[in-house]
Amino acid sequence: MEANYIQQRMAELQKSEELSNAMGKILSGKSGYKAVIEKKIIQVKCAGCGIIYECPVKFCPECGTKIDWPKREQ
């Protein structure tokens, strides 16, 4: 799974009212509580030219250096 896919899926789940209400009740013990899921944006800096990327590219379009993305947690 890609990191962006995971972020998109989390956003879809967070928009779901049923899941939001269930999580709010579990976390606070009160119905109607809105839990917030933080989104972590993965950024990688090109070792060749220093440009920062958020979307997964394999090579830097500016200098051609291979971009090494951190491995995803499973």
# chains A, B, ... in the order shown; residues from 1 in each chain; ligands from 1
$ residues_around --residues "A:Gly32" --least-positions-apart "3" --cutoff "8 Å" --atoms "only C-alpha atoms" --output "list in words"
Asn21, Gly24 and Lys25 of chain A
$ write_last_selection --atoms "C-alpha atoms" --output "compact mmCIF listing (two decimals), in the first residue's frame"
# COMPACT_ATOMS: atom_id res chain seq x y z
CA ASN A 21 -19.79 8.49 16.29
CA GLY A 24 -16.17 9.28 19.75
CA LYS A 25 -18.25 7.12 22.10
$ residues_around --residues "A:Lys45" --least-positions-apart "5" --cutoff "10 Å" --atoms "only C-alpha atoms" --output "PyMOL selection string"
chain A and resi 50-54+60+67-69
$ write_last_selection --atoms "C-alpha atoms" --output "PDB file, in the first residue's frame"
ATOM      1  CA  GLY A  50      17.511  19.636  -1.815  1.00  0.00           C
ATOM      2  CA  ILE A  51      13.977  19.883  -3.228  1.00  0.00           C
ATOM      3  CA  ILE A  52      11.338  18.514  -0.845  1.00  0.00           C
ATOM      4  CA  TYR A  53       8.760  16.060  -2.227  1.00  0.00           C
ATOM      5  CA  GLU A  54       5.446  14.996  -0.703  1.00  0.00           C
ATOM      6  CA  CYS A  60      14.061  13.851  -8.859  1.00  0.00           C
ATOM      7  CA  ILE A  67      14.614   9.405  -4.118  1.00  0.00           C
ATOM      8  CA  ASP A  68      14.626   6.969  -1.193  1.00  0.00           C
ATOM      9  CA  TRP A  69      11.270   6.944   0.596  1.00  0.00           C
TER      10      TRP A  69
END
$ select_by_dssp --residues "chain A" --states "strand (DSSP E)" --output "ChimeraX atom specification"
/A:44-45,52-53
$ atom_distance --atom1 "atom CA of A:Glu12" --atom2 "atom CA of A:Lys40"
15.1 Å
$ select_by_dssp --residues "chain A" --states "alpha helix (DSSP H)" --output "list of chain:residue names"
A:Ala3, A:Asn4, A:Tyr5, A:Ile6, A:Gln7, A:Gln8, A:Arg9, A:Met10, A:Ala11, A:Glu12, A:Leu13, A:Gln14, A:Lys15, A:Glu17, A:Glu18, A:Leu19, A:Ser20, A:Asn21, A:Ala22, A:Met23, A:Gly24, A:Lys25, A:Ile26, A:Leu27, A:Ser28
$ atom_distance --atom1 "atom CA of A:Ile42" --atom2 "atom CA of A:Leu19"
25.2 Å
$ decode --residues "stretch 19-64 of chain A" --atoms "N, CA and C atoms" --output "compact mmCIF listing (two decimals), in the first residue's frame"
# COMPACT_ATOMS: atom_id res chain seq x y z
N LEU A 19 -18.79 5.72 11.77
CA LEU A 19 -17.50 5.42 12.38
C LEU A 19 -17.08 6.53 13.33
N SER A 20 -17.32 7.76 12.94
CA SER A 20 -16.97 8.90 13.78
C SER A 20 -17.71 8.86 15.11
N ASN A 21 -18.99 8.57 15.06
CA ASN A 21 -19.79 8.49 16.29
C ASN A 21 -19.34 7.34 17.17
N ALA A 22 -19.03 6.19 16.57
CA ALA A 22 -18.59 5.03 17.34
C ALA A 22 -17.24 5.32 18.01
N MET A 23 -16.31 5.89 17.28
CA MET A 23 -15.00 6.21 17.85
C MET A 23 -15.11 7.26 18.94
N GLY A 24 -15.96 8.25 18.73
CA GLY A 24 -16.17 9.28 19.75
C GLY A 24 -16.72 8.70 21.04
N LYS A 25 -17.66 7.77 20.91
CA LYS A 25 -18.25 7.12 22.10
C LYS A 25 -17.20 6.27 22.81
N ILE A 26 -16.37 5.56 22.05
CA ILE A 26 -15.32 4.72 22.66
C ILE A 26 -14.29 5.59 23.38
N LEU A 27 -13.86 6.67 22.75
CA LEU A 27 -12.80 7.50 23.32
C LEU A 27 -13.24 8.34 24.51
N SER A 28 -14.46 8.87 24.43
CA SER A 28 -14.88 9.79 25.48
C SER A 28 -15.96 9.26 26.41
N GLY A 29 -16.65 8.22 25.95
CA GLY A 29 -17.77 7.71 26.74
C GLY A 29 -19.05 8.51 26.52
N LYS A 30 -18.98 9.51 25.68
CA LYS A 30 -20.14 10.37 25.39
C LYS A 30 -20.49 10.26 23.91
N SER A 31 -21.78 10.20 23.62
CA SER A 31 -22.16 10.20 22.20
C SER A 31 -22.07 11.63 21.66
N GLY A 32 -21.75 11.76 20.40
CA GLY A 32 -21.62 13.08 19.79
C GLY A 32 -20.22 13.66 19.83
N TYR A 33 -19.29 13.00 20.54
CA TYR A 33 -17.90 13.48 20.60
C TYR A 33 -17.22 13.19 19.27
N LYS A 34 -16.54 14.17 18.72
CA LYS A 34 -15.86 14.02 17.43
C LYS A 34 -14.37 13.79 17.65
N ALA A 35 -13.90 12.60 17.29
CA ALA A 35 -12.48 12.28 17.38
C ALA A 35 -11.79 12.80 16.11
N VAL A 36 -10.58 13.30 16.26
CA VAL A 36 -9.83 13.82 15.12
C VAL A 36 -8.65 12.89 14.86
N ILE A 37 -8.54 12.44 13.62
CA ILE A 37 -7.43 11.59 13.22
C ILE A 37 -6.40 12.48 12.53
N GLU A 38 -5.21 12.53 13.09
CA GLU A 38 -4.16 13.37 12.50
C GLU A 38 -3.61 12.72 11.25
N LYS A 39 -3.31 13.54 10.26
CA LYS A 39 -2.75 13.06 9.02
C LYS A 39 -1.28 13.43 8.98
N LYS A 40 -0.45 12.45 8.80
CA LYS A 40 0.98 12.70 8.73
C LYS A 40 1.38 12.76 7.25
N ILE A 41 1.88 13.89 6.84
CA ILE A 41 2.35 14.06 5.46
C ILE A 41 3.81 13.65 5.41
N ILE A 42 4.10 12.69 4.55
CA ILE A 42 5.46 12.20 4.42
C ILE A 42 6.21 13.09 3.43
N GLN A 43 7.33 13.64 3.86
CA GLN A 43 8.15 14.49 3.01
C GLN A 43 9.56 13.92 2.95
N VAL A 44 10.13 13.95 1.75
CA VAL A 44 11.50 13.48 1.56
C VAL A 44 12.27 14.55 0.80
N LYS A 45 13.48 14.81 1.26
CA LYS A 45 14.34 15.81 0.64
C LYS A 45 15.29 15.11 -0.33
N CYS A 46 15.42 15.65 -1.53
CA CYS A 46 16.34 15.10 -2.53
C CYS A 46 17.77 15.31 -2.03
N ALA A 47 18.56 14.24 -2.06
CA ALA A 47 19.95 14.33 -1.61
C ALA A 47 20.81 15.12 -2.60
N GLY A 48 20.39 15.19 -3.86
CA GLY A 48 21.17 15.89 -4.87
C GLY A 48 20.98 17.39 -4.89
N CYS A 49 19.72 17.84 -4.91
CA CYS A 49 19.47 19.28 -5.07
C CYS A 49 18.71 19.91 -3.90
N GLY A 50 18.16 19.09 -3.01
CA GLY A 50 17.51 19.64 -1.81
C GLY A 50 16.04 19.94 -1.94
N ILE A 51 15.41 19.63 -3.07
CA ILE A 51 13.98 19.88 -3.23
C ILE A 51 13.21 18.89 -2.35
N ILE A 52 12.15 19.35 -1.72
CA ILE A 52 11.34 18.51 -0.84
C ILE A 52 10.12 18.01 -1.62
N TYR A 53 9.89 16.69 -1.54
CA TYR A 53 8.76 16.06 -2.23
C TYR A 53 7.79 15.47 -1.22
N GLU A 54 6.49 15.61 -1.52
CA GLU A 54 5.45 15.00 -0.70
C GLU A 54 4.80 13.83 -1.43
N CYS A 55 4.79 13.87 -2.75
CA CYS A 55 4.21 12.78 -3.52
C CYS A 55 5.33 11.81 -3.89
N PRO A 56 5.02 10.53 -3.95
CA PRO A 56 6.08 9.54 -4.19
C PRO A 56 6.59 9.53 -5.62
N VAL A 57 7.74 10.14 -5.83
CA VAL A 57 8.43 10.08 -7.11
C VAL A 57 9.67 9.20 -6.92
N LYS A 58 10.05 8.50 -7.98
CA LYS A 58 11.21 7.61 -7.85
C LYS A 58 12.52 8.34 -8.09
N PHE A 59 12.46 9.34 -8.99
CA PHE A 59 13.67 10.11 -9.31
C PHE A 59 13.32 11.59 -9.31
N CYS A 60 14.26 12.41 -8.89
CA CYS A 60 14.06 13.85 -8.86
C CYS A 60 14.02 14.37 -10.29
N PRO A 61 12.95 15.09 -10.66
CA PRO A 61 12.87 15.62 -12.01
C PRO A 61 13.88 16.75 -12.28
N GLU A 62 14.42 17.34 -11.23
CA GLU A 62 15.39 18.43 -11.41
C GLU A 62 16.80 17.92 -11.68
N CYS A 63 17.26 16.95 -10.84
CA CYS A 63 18.66 16.52 -10.96
C CYS A 63 18.82 15.05 -11.31
N GLY A 64 17.76 14.25 -11.25
CA GLY A 64 17.82 12.84 -11.63
C GLY A 64 18.25 11.90 -10.51
